[in-house]
>>> print(open('my_file14.txt').read())   # compact mmCIF, C-alpha atoms
# COMPACT_ATOMS: atom_id res chain seq x y z
CA MET A 1 -13.66 -5.11 21.01
CA LYS A 2 -17.09 -5.49 22.57
CA SER A 3 -19.77 -7.72 21.09
CA LEU A 4 -21.80 -5.70 18.62
CA SER A 5 -24.88 -6.24 16.47
CA LEU A 6 -24.42 -6.89 12.76
CA LYS A 7 -26.44 -3.76 11.98
CA THR A 8 -24.12 -1.60 14.06
CA ALA A 9 -20.88 -3.19 12.89
CA GLY A 10 -21.99 -3.99 9.31
CA PRO A 11 -20.43 -0.99 7.49
CA PHE A 12 -17.27 -1.34 9.59
CA LEU A 13 -16.96 -5.05 8.70
CA LEU A 14 -17.65 -4.42 4.99
CA LEU A 15 -14.91 -1.83 4.69
CA THR A 16 -12.56 -4.00 6.74
CA PHE A 17 -13.10 -6.88 4.28
CA ILE A 18 -12.42 -4.59 1.32
CA TYR A 19 -9.27 -3.39 3.09
CA PHE A 20 -8.22 -7.05 3.24
CA ILE A 21 -8.57 -7.20 -0.55
CA VAL A 22 -6.48 -4.03 -0.91
CA GLY A 23 -3.68 -5.52 1.20
CA PHE A 24 -3.80 -8.85 -0.59
CA LEU A 25 -3.70 -7.46 -4.13
CA THR A 26 -1.12 -4.80 -3.28
CA THR A 27 1.26 -7.48 -2.07
CA VAL A 28 0.44 -9.78 -4.99
CA ASN A 29 1.52 -6.94 -7.28
CA GLY A 30 4.78 -6.47 -5.38
CA GLN A 31 5.54 -10.17 -5.06
CA CYS A 32 5.14 -10.57 -8.82
CA GLN A 33 8.36 -8.57 -9.20
CA GLY A 34 10.62 -11.57 -8.60
CA PRO A 35 8.79 -14.04 -10.87
CA LEU A 36 8.21 -11.45 -13.61
CA LYS A 37 11.89 -10.55 -13.49
CA ILE A 38 12.40 -14.06 -14.87
CA ALA A 39 9.27 -14.34 -17.03
CA PHE A 40 9.37 -10.91 -18.70
CA LEU A 41 12.94 -9.66 -18.29
CA SER A 42 15.07 -12.78 -18.77
CA GLU A 43 16.91 -11.10 -21.65
CA ALA A 44 17.53 -7.84 -19.78
CA THR A 45 20.96 -7.29 -18.27
CA THR A 46 22.02 -3.68 -17.74
CA MET A 47 18.71 -2.40 -16.26
CA ARG A 48 17.12 -5.59 -14.98
CA ASN A 49 16.62 -4.51 -11.35
CA SER A 50 15.50 -1.02 -12.37
CA LEU A 51 12.90 -2.38 -14.81
CA THR A 52 11.70 -4.89 -12.23
CA THR A 53 11.10 -2.25 -9.55
CA LEU A 54 9.14 -0.15 -12.08
CA ILE A 55 6.26 -2.54 -11.35
CA SER A 56 6.02 -0.97 -7.89
CA PHE A 57 6.57 2.49 -9.38
CA ALA A 58 3.59 2.11 -11.72
CA PHE A 59 1.40 0.85 -8.87
CA PHE A 60 2.15 3.73 -6.53
CA LEU A 61 2.03 6.31 -9.32
CA GLY A 62 -1.73 5.69 -9.16
CA TYR A 63 -1.71 7.09 -5.62
CA LEU A 64 0.04 10.31 -6.64
CA LEU A 65 -2.17 11.04 -9.64
CA ASN A 66 -5.55 9.98 -8.30
CA SER A 67 -5.69 10.33 -4.50
CA SER A 68 -6.45 14.04 -4.36
CA ARG A 69 -9.15 13.88 -7.02
CA THR A 70 -10.70 10.92 -5.20
CA GLY A 71 -10.84 13.05 -2.06
CA ARG A 72 -12.77 15.68 -4.00
CA MET A 73 -15.02 12.98 -5.48
CA LEU A 74 -15.69 11.59 -2.01
CA ASN A 75 -16.59 15.02 -0.71
CA LEU A 76 -18.97 15.53 -3.64
CA ILE A 77 -20.77 12.18 -4.10
CA GLY A 78 -20.24 10.40 -0.77
CA TYR A 79 -18.65 7.23 0.52
CA LYS A 80 -20.67 4.48 -1.14
CA ARG A 81 -20.64 5.79 -4.72
CA THR A 82 -16.90 6.48 -4.50
CA LEU A 83 -16.38 2.97 -3.11
CA ILE A 84 -18.23 1.38 -6.05
CA ARG A 85 -16.23 3.37 -8.61
CA SER A 86 -13.02 2.29 -6.90
CA LEU A 87 -13.93 -1.39 -7.15
CA ILE A 88 -14.73 -1.00 -10.86
CA VAL A 89 -11.23 0.42 -11.45
CA MET A 90 -9.81 -2.59 -9.61
CA VAL A 91 -11.63 -4.92 -12.00
CA GLU A 92 -10.13 -3.01 -14.93
CA GLY A 93 -6.63 -3.44 -13.47
CA LEU A 94 -7.10 -7.20 -13.13
CA VAL A 95 -8.26 -7.37 -16.75
CA PHE A 96 -4.97 -5.79 -17.82
CA TYR A 97 -3.05 -8.25 -15.63
CA THR A 98 -4.78 -11.09 -17.45
CA ALA A 99 -4.11 -9.47 -20.82
CA SER A 100 -0.37 -9.30 -20.01
CA ALA A 101 -0.34 -13.06 -19.51
CA PHE A 102 -2.02 -13.57 -22.89
CA CYS A 103 0.55 -11.26 -24.50
CA ALA A 104 3.39 -13.25 -22.98
CA GLU A 105 1.89 -16.55 -24.09
CA TYR A 106 0.92 -15.66 -27.65
CA ALA A 107 3.17 -12.69 -28.52
CA GLY A 108 6.22 -13.19 -26.32
CA ASP A 109 8.63 -12.28 -29.11
CA ALA A 110 7.05 -8.84 -29.66
CA GLY A 111 8.69 -6.00 -27.81
CA ILE A 112 11.23 -3.19 -27.92
CA VAL A 113 14.92 -2.82 -27.21
CA PHE A 114 15.55 -0.30 -24.43
CA ASN A 115 19.11 0.68 -23.55
CA GLY A 116 20.32 -2.60 -25.00
CA ASP A 117 17.73 -4.72 -23.15
CA PHE A 118 14.85 -6.51 -24.90
CA VAL A 119 11.56 -5.74 -23.13
CA PRO A 120 8.38 -7.60 -24.29
CA PHE A 121 5.08 -5.79 -24.74
CA GLY A 122 3.48 -8.01 -22.10
CA TYR A 123 5.65 -6.26 -19.52
CA PHE A 124 4.18 -2.87 -20.47
CA VAL A 125 0.62 -4.25 -20.37
CA PHE A 126 1.33 -5.48 -16.84
CA LEU A 127 2.60 -1.99 -15.94
CA ILE A 128 -0.73 -0.49 -17.09
CA GLY A 129 -2.56 -3.04 -14.95
CA SER A 130 -0.29 -2.21 -12.05
CA PHE A 131 -1.08 1.51 -12.42
CA LEU A 132 -4.83 0.82 -12.46
CA MET A 133 -4.54 -1.45 -9.43
CA GLY A 134 -2.62 1.26 -7.60
CA THR A 135 -5.31 3.77 -8.57
CA ALA A 136 -8.02 1.46 -7.23
CA ALA A 137 -6.11 0.85 -4.00
CA ALA A 138 -5.64 4.61 -3.56
CA MET A 139 -9.33 5.32 -4.16
CA LEU A 140 -10.41 2.60 -1.74
CA GLN A 141 -8.09 3.82 0.99
CA VAL A 142 -9.28 7.41 0.53
CA VAL A 143 -12.76 6.10 1.35
CA ILE A 144 -11.89 3.56 4.04
CA ASN A 145 -9.40 5.47 6.20
CA PRO A 146 -11.57 8.45 7.21
CA TYR A 147 -14.69 6.26 7.43
CA ILE A 148 -13.04 3.83 9.85
CA ALA A 149 -11.42 6.64 11.86
CA ALA A 150 -14.75 8.45 12.28
CA TYR A 151 -17.18 5.51 12.41
CA PRO A 152 -19.04 5.56 15.77
CA LEU A 153 -18.38 1.95 16.79
CA PRO A 154 -19.24 1.73 20.52
CA GLY A 155 -16.39 0.97 22.91
CA THR A 156 -13.55 1.74 20.46
CA SER A 157 -11.13 4.57 19.78
CA ALA A 158 -10.07 5.85 16.34
CA VAL A 159 -6.53 4.43 16.51
CA GLN A 160 -7.91 1.11 17.83
CA ARG A 161 -10.35 0.81 14.91
CA MET A 162 -7.60 1.74 12.47
CA ASN A 163 -5.25 -0.87 13.91
CA PHE A 164 -7.92 -3.59 13.76
CA THR A 165 -8.76 -2.81 10.13
CA CYS A 166 -5.07 -2.62 9.29
CA ALA A 167 -4.57 -6.00 11.01
CA VAL A 168 -7.09 -7.59 8.66
CA ASN A 169 -5.34 -5.80 5.80
CA SER A 170 -2.10 -7.37 7.03
CA PHE A 171 -3.63 -10.83 6.94
CA GLY A 172 -4.05 -10.27 3.21
CA THR A 173 -0.45 -9.09 2.83
CA THR A 174 0.79 -12.08 4.87
CA ILE A 175 -0.85 -14.79 2.78
CA ALA A 176 -0.21 -13.06 -0.57
CA PRO A 177 3.48 -14.15 -0.95
CA LEU A 178 2.52 -17.79 -0.39
CA PHE A 179 -0.38 -17.37 -2.83
CA VAL A 180 2.01 -16.07 -5.50
CA THR A 181 4.60 -18.83 -5.11
CA GLY A 182 2.31 -21.71 -4.14
CA ILE A 183 -0.76 -21.10 -6.32
CA MET A 184 -0.04 -18.60 -9.08
CA PHE A 185 3.28 -20.22 -9.94
CA ALA A 186 2.39 -23.61 -8.43
CA GLY A 187 5.63 -24.02 -6.53
CA VAL A 188 7.72 -23.83 -9.73
CA PRO A 189 11.32 -22.67 -9.08
CA LEU A 190 11.75 -18.96 -9.78
CA ASN A 191 14.13 -19.60 -12.66
CA SER A 192 11.44 -21.64 -14.44
CA VAL A 193 8.29 -19.49 -14.09
CA THR A 194 6.31 -18.27 -17.08
CA ALA A 195 3.94 -15.31 -17.33
CA SER A 196 1.25 -17.57 -18.83
CA GLN A 197 0.82 -19.10 -15.36
CA LEU A 198 -0.84 -15.83 -14.34
CA THR A 199 -3.91 -16.27 -16.56
CA LEU A 200 -6.20 -18.49 -14.48
CA PRO A 201 -5.42 -16.89 -11.07
CA PHE A 202 -6.08 -13.40 -12.40
CA ILE A 203 -9.33 -14.48 -14.06
CA LEU A 204 -10.50 -15.93 -10.74
CA MET A 205 -9.48 -12.79 -8.84
CA THR A 206 -11.34 -10.64 -11.38
CA LEU A 207 -14.51 -12.66 -10.82
CA CYS A 208 -14.08 -12.31 -7.04
CA ILE A 209 -13.88 -8.51 -7.25
CA VAL A 210 -16.87 -8.39 -9.62
CA VAL A 211 -18.92 -10.32 -7.05
CA THR A 212 -17.67 -8.03 -4.26
CA THR A 213 -18.69 -4.97 -6.28
CA MET A 214 -22.17 -6.31 -6.96
CA THR A 215 -22.63 -7.25 -3.30
CA THR A 216 -21.44 -3.84 -2.09
CA ARG A 217 -23.98 -2.09 -4.32
CA ARG A 218 -26.77 -3.87 -2.43
CA LEU A 219 -25.51 -3.14 1.08
CA ALA A 220 -26.17 -0.03 3.17
CA LEU A 221 -23.24 2.28 3.85
CA PRO A 222 -24.46 5.31 5.80
CA ASP A 223 -22.60 8.59 5.48
CA ILE A 224 -20.50 9.93 8.37
CA GLU A 225 -21.63 13.32 9.61
CA GLY A 226 -18.99 16.00 10.05
CA THR A 227 -16.36 14.48 7.73
CA ARG A 228 -17.35 16.22 4.48
CA THR A 229 -17.57 19.92 3.71
CA ALA A 230 -21.05 21.01 2.68
CA THR A 231 -21.76 21.25 -1.04
CA ASN A 232 -25.32 22.59 -1.33
CA SER A 233 -26.50 26.15 -1.64
CA ASN A 234 -27.91 26.31 1.89
CA THR A 235 -24.55 25.91 3.62
CA PRO A 236 -22.52 28.66 5.26
CA ALA A 237 -19.66 27.94 2.87
CA SER A 238 -21.77 28.96 -0.10
CA SER A 239 -23.14 32.05 1.65
CA GLY A 240 -19.83 33.76 2.15
CA GLU A 241 -17.92 31.74 4.74
CA LYS A 242 -14.40 31.05 3.50
CA THR A 243 -13.19 27.47 3.57
CA LYS A 244 -9.66 26.59 4.55
CA SER A 245 -7.11 24.84 2.40
CA VAL A 246 -6.34 21.41 3.84
CA TRP A 247 -2.67 22.33 3.46
CA SER A 248 -3.15 24.98 6.15
CA PHE A 249 -3.25 22.23 8.79
CA ARG A 250 0.34 21.72 9.93
CA ASN A 251 -0.17 18.20 11.24
CA LEU A 252 -1.65 17.12 7.88
CA LYS A 253 1.02 18.85 5.78
CA TYR A 254 3.89 17.15 7.57
CA GLY A 255 1.86 13.96 7.88
CA VAL A 256 1.75 13.71 4.07
CA ILE A 257 5.54 14.12 3.92
CA THR A 258 5.98 11.51 6.65
CA ILE A 259 3.71 8.95 5.02
CA PHE A 260 5.69 9.45 1.78
CA PHE A 261 8.80 8.22 3.57
CA TYR A 262 6.95 5.58 5.59
CA VAL A 263 5.45 3.84 2.56
CA GLY A 264 8.84 4.15 0.89
CA THR A 265 10.55 2.06 3.57
CA GLU A 266 7.57 -0.30 3.97
CA VAL A 267 7.40 -1.19 0.28
CA SER A 268 11.17 -1.25 -0.19
CA ILE A 269 11.44 -4.04 2.36
CA GLY A 270 8.22 -5.81 1.40
CA ASN A 271 8.98 -5.93 -2.33
CA ASN A 272 12.79 -5.86 -2.54
CA ILE A 273 13.69 -8.28 0.24
CA ASN A 274 12.89 -11.13 -2.14
CA LEU A 275 15.18 -9.64 -4.81
CA HIS A 276 17.98 -9.42 -2.24
CA ALA A 277 17.24 -13.01 -1.20
CA MET A 278 17.43 -14.16 -4.82
CA GLU A 279 20.87 -12.53 -5.07
CA LEU A 280 22.10 -14.31 -1.94
CA THR A 281 20.52 -17.62 -2.98
CA ALA A 282 22.40 -17.44 -6.29
CA GLY A 283 25.56 -17.11 -4.21
CA GLY A 284 24.82 -20.26 -2.25
CA ALA A 285 22.81 -18.92 0.72
CA ALA A 286 19.79 -20.95 1.83
CA LEU A 287 17.00 -18.35 1.79
CA SER A 288 13.33 -18.52 0.82
CA PRO A 289 12.15 -15.22 -0.71
CA ALA A 290 8.48 -16.10 -0.14
CA LEU A 291 9.09 -17.04 3.50
CA LEU A 292 11.00 -13.81 4.18
CA ALA A 293 8.16 -11.73 2.72
CA THR A 294 5.61 -13.73 4.69
CA ILE A 295 7.52 -13.13 7.94
CA TYR A 296 7.73 -9.41 7.16
CA TRP A 297 4.01 -9.01 6.41
CA GLY A 298 3.17 -11.45 9.21
CA GLY A 299 4.86 -9.03 11.62
CA PHE A 300 2.31 -6.43 10.50
CA LEU A 301 -0.52 -8.83 11.31
CA ILE A 302 0.80 -9.63 14.80
CA GLY A 303 1.65 -6.02 15.68
CA ARG A 304 -1.69 -4.68 14.52
CA MET A 305 -3.72 -7.34 16.31
CA VAL A 306 -1.87 -6.64 19.55
CA SER A 307 -2.21 -2.87 19.20
CA ALA A 308 -5.92 -3.20 18.37
CA SER A 309 -6.47 -4.46 21.92
CA MET A 310 -4.54 -1.53 23.46
CA LYS A 311 -7.31 1.04 23.80
CA ASN A 312 -5.51 3.65 25.91
CA VAL A 313 -2.19 3.89 24.04
CA LYS A 314 -1.65 7.27 22.37
CA PRO A 315 -0.49 7.32 18.73
CA ARG A 316 2.41 9.77 19.21
CA PRO A 317 4.45 7.86 21.85
CA MET A 318 3.64 4.62 20.02
CA LEU A 319 5.08 6.04 16.79
CA ILE A 320 8.29 7.18 18.50
CA THR A 321 8.79 3.81 20.23
CA VAL A 322 8.30 1.58 17.20
CA THR A 323 10.44 3.85 14.99
CA LEU A 324 13.39 3.57 17.38
CA GLY A 325 12.98 -0.21 17.33
CA ALA A 326 12.88 -0.28 13.52
CA ILE A 327 16.02 1.85 13.24
CA ALA A 328 17.97 -0.44 15.56
CA LEU A 329 16.86 -3.65 13.87
CA MET A 330 17.32 -2.37 10.31
CA THR A 331 20.84 -1.11 11.07
CA ALA A 332 21.83 -4.50 12.47
CA ALA A 333 20.28 -6.31 9.50
CA MET A 334 22.13 -4.16 6.95
CA LEU A 335 25.55 -4.40 8.61
CA THR A 336 25.31 -8.20 9.02
CA GLU A 337 23.34 -8.79 5.78
CA ASN A 338 20.89 -10.85 7.82
CA LEU A 339 17.59 -10.80 5.97
CA TRP A 340 15.77 -12.56 8.80
CA LEU A 341 16.41 -9.49 10.97
CA LEU A 342 15.24 -7.26 8.13
CA ALA A 343 12.01 -9.26 7.80
CA ALA A 344 11.40 -8.80 11.54
CA VAL A 345 11.15 -5.01 11.00
CA GLY A 346 7.55 -5.66 9.91
CA LEU A 347 6.59 -5.95 13.58
CA PHE A 348 7.67 -2.33 14.17
CA HIS A 349 6.20 -1.07 10.89
CA SER A 350 2.82 -2.56 11.76
CA VAL A 351 1.33 0.42 13.62
CA MET A 352 3.11 3.29 11.87
CA TRP A 353 0.39 3.82 9.26
CA SER A 354 -2.46 4.11 11.77
CA CYS A 355 -0.38 6.36 14.05
CA VAL A 356 0.58 8.79 11.28
CA PHE A 357 -2.91 8.89 9.75
CA THR A 358 -4.59 9.45 13.13
CA LEU A 359 -2.18 12.29 13.96
CA ALA A 360 -2.41 13.82 10.47
CA VAL A 361 -6.23 14.16 10.48
CA ASP A 362 -6.52 15.01 14.18
CA GLY A 363 -8.80 18.02 14.60
CA LEU A 364 -9.67 18.40 10.89
CA GLY A 365 -13.42 17.81 11.35
CA GLU A 366 -15.36 18.52 8.15
CA TYR A 367 -12.11 18.68 6.17
CA THR A 368 -11.36 15.02 6.90
CA SER A 369 -12.67 13.59 3.60
CA ARG A 370 -10.64 16.02 1.47
CA ALA A 371 -7.64 15.57 3.73
CA SER A 372 -7.80 11.82 3.21
CA GLY A 373 -7.29 12.28 -0.53
CA VAL A 374 -4.35 14.62 0.05
CA PHE A 375 -2.87 12.27 2.63
CA MET A 376 -2.97 9.30 0.25
CA MET A 377 -0.82 11.23 -2.25
CA GLY A 378 2.05 10.59 0.13
CA VAL A 379 1.79 6.87 -0.60
CA PHE A 380 3.68 7.68 -3.81
CA GLY A 381 6.78 7.10 -1.71
CA GLY A 382 6.15 3.42 -2.39
CA ALA A 383 6.92 4.16 -6.04
CA VAL A 384 10.03 6.26 -5.51
CA PHE A 385 12.18 4.52 -2.93
CA PRO A 386 12.03 0.91 -4.21
CA VAL A 387 13.08 2.13 -7.67
CA LEU A 388 15.90 4.24 -6.21
CA GLN A 389 17.02 1.16 -4.32
CA GLY A 390 16.90 -0.95 -7.49
CA MET A 391 18.95 1.63 -9.38
CA LEU A 392 21.49 1.73 -6.54
CA ALA A 393 21.67 -2.08 -6.57
CA ASP A 394 22.42 -2.02 -10.31
CA TRP A 395 25.09 0.65 -9.75
CA ILE A 396 26.99 -0.96 -6.86
CA GLY A 397 26.26 -4.55 -7.88
CA SER A 398 24.75 -5.61 -4.55
CA TRP A 399 21.64 -5.05 -2.45
CA GLN A 400 23.33 -5.01 0.98
CA PHE A 401 23.99 -1.30 1.53
CA THR A 402 21.03 -0.13 -0.54
CA TRP A 403 19.01 -0.46 2.68
CA ILE A 404 20.50 2.85 3.79
CA ILE A 405 17.69 4.40 1.70
CA ALA A 406 15.04 2.70 3.82
CA LEU A 407 16.92 3.65 6.99
CA VAL A 408 16.79 7.36 6.11
CA CYS A 409 13.00 7.04 5.81
CA GLU A 410 12.83 5.73 9.39
CA PHE A 411 14.52 8.89 10.72
CA VAL A 412 11.85 11.03 9.04
CA LEU A 413 9.19 9.05 10.92
CA LEU A 414 11.06 9.63 14.15
CA TRP A 415 11.17 13.36 13.43
CA TYR A 416 7.40 13.51 12.88
CA GLY A 417 6.75 11.78 16.18
CA ILE A 418 9.12 14.06 18.10
CA ARG A 419 8.71 17.45 16.42
CA GLY A 420 6.72 17.29 13.17
CA TYR A 421 3.28 16.68 14.67
CA ARG A 422 1.89 19.93 15.95
CA LYS A 423 -1.56 21.35 15.34
>>> encode(input="my_file14.txt", output="structure tokens")
Amino acid sequence: MKSLSLKTAGPFLLLTFIYFIVGFLTTVNGQCQGPLKIAFLSEATTMRNSLTTLISFAFFLGYLLNSSRTGRMLNLIGYKRTLIRSLIVMVEGLVFYTASAFCAEYAGDAGIVFNGDFVPFGYFVFLIGSFLMGTAAAMLQVVINPYIAAYPLPGTSAVQRMNFTCAVNSFGTTIAPLFVTGIMFAGVPLNSVTASQLTLPFILMTLCIVVTTMTTRRLALPDIEGTRTATNSNTPASSGEKTKSVWSFRNLKYGVITIFFYVGTEVSIGNNINLHAMELTAGGAALSPALLATIYWGGFLIGRMVSASMKNVKPRPMLITVTLGAIALMTAAMLTENLWLLAAVGLFHSVMWSCVFTLAVDGLGEYTSRASGVFMMGVFGGAVFPVLQGMLADWIGSWQFTWIIALVCEFVLLWYGIRGYRK
């Protein structure tokens, strides 16, 4: 990207930094599955994998329930005020995370028996925190995605700006697994972790987001013309002109369905690869769950940085190409049970989000802000598919062929690139 003044690039850089936070904390939530499986669910047997993957389910449930209303909020009160409210919800989620650690430390014996498994109350407090964090992440992305796509940064295209911002987001997702294992749990073996080790890291993260919120309140974030439908009495819409439903745009409608499946396969690999690695490690295989997750999210970082420099590449052929690569690599990984190949799929997943979002909102104009909220509802796929995979793993007693679920998602992405995207 060309050299730009701070005044010109300031809003773009601010939202890119916040997108880094979203990526980092989203992956922290997912990477806590493995350690919390030991810390919270050590006495669970029959539904251990299912209960563990509910952490991801609670997180992405926030997208389903709050994305659309955030789109309406954004259209009504603007980008900056919606951004501030989103950061406040993130602080609330981190407070619940911290409270779950206190529950585990001081009331670890309190809980309920569910289907024969003892589940402590601290686990449920963490689920509430996970839901709030997912809600905050959804709200922030509803603001950031259309703003970045429409922001008039000289010398850049929409998909290029999206890929750059997503690359910074991927830096957060790449370092998060190492943060969880190396700092939050201080390198303690997974079979020895305790939930009380969460307390100090979550307090520090809460303070960081509080500072970010206060700083953001003081900074300028100009509105983007032409991305919000008019809301005052002097507009054509209020004087008789009918407004369209965002669902009337074919490319958006099928884009929401596609992103549902995309986030399903992305999160299934990102969060469940460490659970599969733990299974193989127990059987004698030499695998590092944190390293596998870092390689996977690191592939996102590399792919997005490379694609951010490719100004003239169109999103549709890019989507088709990387999806074919992901299908081939994932099939080989599943058949050989080679998790290193599975981790490498992150390189192909890296640009799928920006491609699908760019295609989905193409030509929507003033409906873009509302469409962003609707689009983010599709992220709920990150709640559904990892849990289905966990249930299948409990049923068949192995993770190996559960990756067929993620593979099906890849074929939906291929369909959108070939036939689904039409305006």
>>> closest_atom_pairs(input="my_file14.txt", of="stretch 300-385 of chain A", to="stretch 56-60 of chain A", cutoff="12 Å", atoms="all atoms listed in the file", output="JSON lines")
{"residue": "A:Met376", "atom": "CA", "partner": "A:Phe60", "partner_atom": "CA", "distance": 10.2}
{"residue": "A:Met377", "atom": "CA", "partner": "A:Phe60", "partner_atom": "CA", "distance": 9.1}
{"residue": "A:Gly378", "atom": "CA", "partner": "A:Phe60", "partner_atom": "CA", "distance": 9.6}
{"residue": "A:Val379", "atom": "CA", "partner": "A:Phe60", "partner_atom": "CA", "distance": 6.7}
{"residue": "A:Phe380", "atom": "CA", "partner": "A:Phe60", "partner_atom": "CA", "distance": 5.0}
{"residue": "A:Gly381", "atom": "CA", "partner": "A:Phe60", "partner_atom": "CA", "distance": 7.5}
{"residue": "A:Gly382", "atom": "CA", "partner": "A:Phe60", "partner_atom": "CA", "distance": 5.8}
{"residue": "A:Ala383", "atom": "CA", "partner": "A:Phe57", "partner_atom": "CA", "distance": 3.8}
{"residue": "A:Val384", "atom": "CA", "partner": "A:Phe57", "partner_atom": "CA", "distance": 6.4}
{"residue": "A:Phe385", "atom": "CA", "partner": "A:Phe57", "partner_atom": "CA", "distance": 8.8}
>>> atom_distance(input="my_file14.txt", atom1="atom CA of A:Val322", atom2="atom CA of A:Phe348")
5.0 Å
>>> atom_distance(input="my_file14.txt", atom1="atom CA of A:Ile295", atom2="atom CA of A:Leu25")
17.4 Å
>>> atom_distance(input="my_file14.txt", atom1="atom CA of A:Leu252", atom2="atom CA of A:Ala136")
22.7 Å
>>> closest_residue(input="my_file14.txt", among="A:Gly363, A:Gly78, A:Gly417, A:Gly303", to="A:Thr258", atoms="all atoms listed in the file")
A:Gly417
>>> closest_atom_pairs(input="my_file14.txt", of="stretch 106-138 of chain A", to="stretch 63-77 of chain A", cutoff="10 Å", atoms="all atoms listed in the file", output="CSV")
residue,atom,partner,partner_atom,distance
A:Phe131,CA,A:Tyr63,CA,8.8
A:Leu132,CA,A:Tyr63,CA,9.8
A:Met133,CA,A:Tyr63,CA,9.8
A:Gly134,CA,A:Tyr63,CA,6.2
A:Thr135,CA,A:Tyr63,CA,5.7
A:Ala136,CA,A:Tyr63,CA,8.6
A:Ala137,CA,A:Tyr63,CA,7.8
A:Ala138,CA,A:Tyr63,CA,5.1
>>> closest_residue(input="my_file14.txt", among="A:Thr336, A:Met330, A:Thr358, A:Val387", to="A:Asn271", atoms="all atoms listed in the file")
A:Val387
>>> residues_around(input="my_file14.txt", residues="A:Leu41", least_positions_apart="6", cutoff="8 Å", atoms="all atoms listed in the file", output="PyMOL selection string")
chain A and resi 48+52+118-120
>>> write_last_selection(input="my_file14.txt", atoms="C-alpha atoms", output="CSV table (one decimal), keeping the file's coordinate frame")
chain,number,residue,atom,x,y,z
A,48,ARG,CA,17.1,-5.6,-15.0
A,52,THR,CA,11.7,-4.9,-12.2
A,118,PHE,CA,14.8,-6.5,-24.9
A,119,VAL,CA,11.6,-5.7,-23.1
A,120,PRO,CA,8.4,-7.6,-24.3
>>> residues_around(input="my_file14.txt", residues="A:Pro146", least_positions_apart="4", cutoff="10 Å", atoms="only C-alpha atoms", output="number ranges by chain")
A: 79, 141-142, 150-151, 158, 162, 224, 227, 357-358, 361, 368-373
>>> write_last_selection(input="my_file14.txt", atoms="C-alpha atoms", output="PDB file, keeping the file's coordinate frame")
ATOM      1  CA  TYR A  79     -18.650   7.230   0.520  1.00  0.00           C
ATOM      2  CA  GLN A 141      -8.090   3.820   0.990  1.00  0.00           C
ATOM      3  CA  VAL A 142      -9.280   7.410   0.530  1.00  0.00           C
ATOM      4  CA  ALA A 150     -14.750   8.450  12.280  1.00  0.00           C
ATOM      5  CA  TYR A 151     -17.180   5.510  12.410  1.00  0.00           C
ATOM      6  CA  ALA A 158     -10.070   5.850  16.340  1.00  0.00           C
ATOM      7  CA  MET A 162      -7.600   1.740  12.470  1.00  0.00           C
ATOM      8  CA  ILE A 224     -20.500   9.930   8.370  1.00  0.00           C
ATOM      9  CA  THR A 227     -16.360  14.480   7.730  1.00  0.00           C
ATOM     10  CA  PHE A 357      -2.910   8.890   9.750  1.00  0.00           C
ATOM     11  CA  THR A 358      -4.590   9.450  13.130  1.00  0.00           C
ATOM     12  CA  VAL A 361      -6.230  14.160  10.480  1.00  0.00           C
ATOM     13  CA  THR A 368     -11.360  15.020   6.900  1.00  0.00           C
ATOM     14  CA  SER A 369     -12.670  13.590   3.600  1.00  0.00           C
ATOM     15  CA  ARG A 370     -10.640  16.020   1.470  1.00  0.00           C
ATOM     16  CA  ALA A 371      -7.640  15.570   3.730  1.00  0.00           C
ATOM     17  CA  SER A 372      -7.800  11.820   3.210  1.00  0.00           C
ATOM     18  CA  GLY A 373      -7.290  12.280  -0.530  1.00  0.00           C
TER      19      GLY A 373
END
>>> closest_residue(input="my_file14.txt", among="A:Asn274, A:Trp247, A:Leu54, A:Phe24", to="A:Ala176", atoms="all atoms listed in the file")
A:Phe24
>>> residues_around(input="my_file14.txt", residues="A:Trp399", least_positions_apart="3", cutoff="12 Å", atoms="only C-alpha atoms", output="ChimeraX atom specification")
/A:49,268-269,272-280,334-335,337-339,386,388-396,402-406
>>> closest_residue(input="my_file14.txt", among="A:Ile144, A:Ala343, A:Met205, A:Val263", to="A:Cys409", atoms="all atoms listed in the file")
A:Val263
>>> residues_near_point(input="my_file14.txt", point="(-20.1, 2.1, -7.3)", cutoff="12 Å", atoms="all atoms listed in the file", output="ChimeraX atom specification")
/A:74,77-91,139-140,210,212-219,221
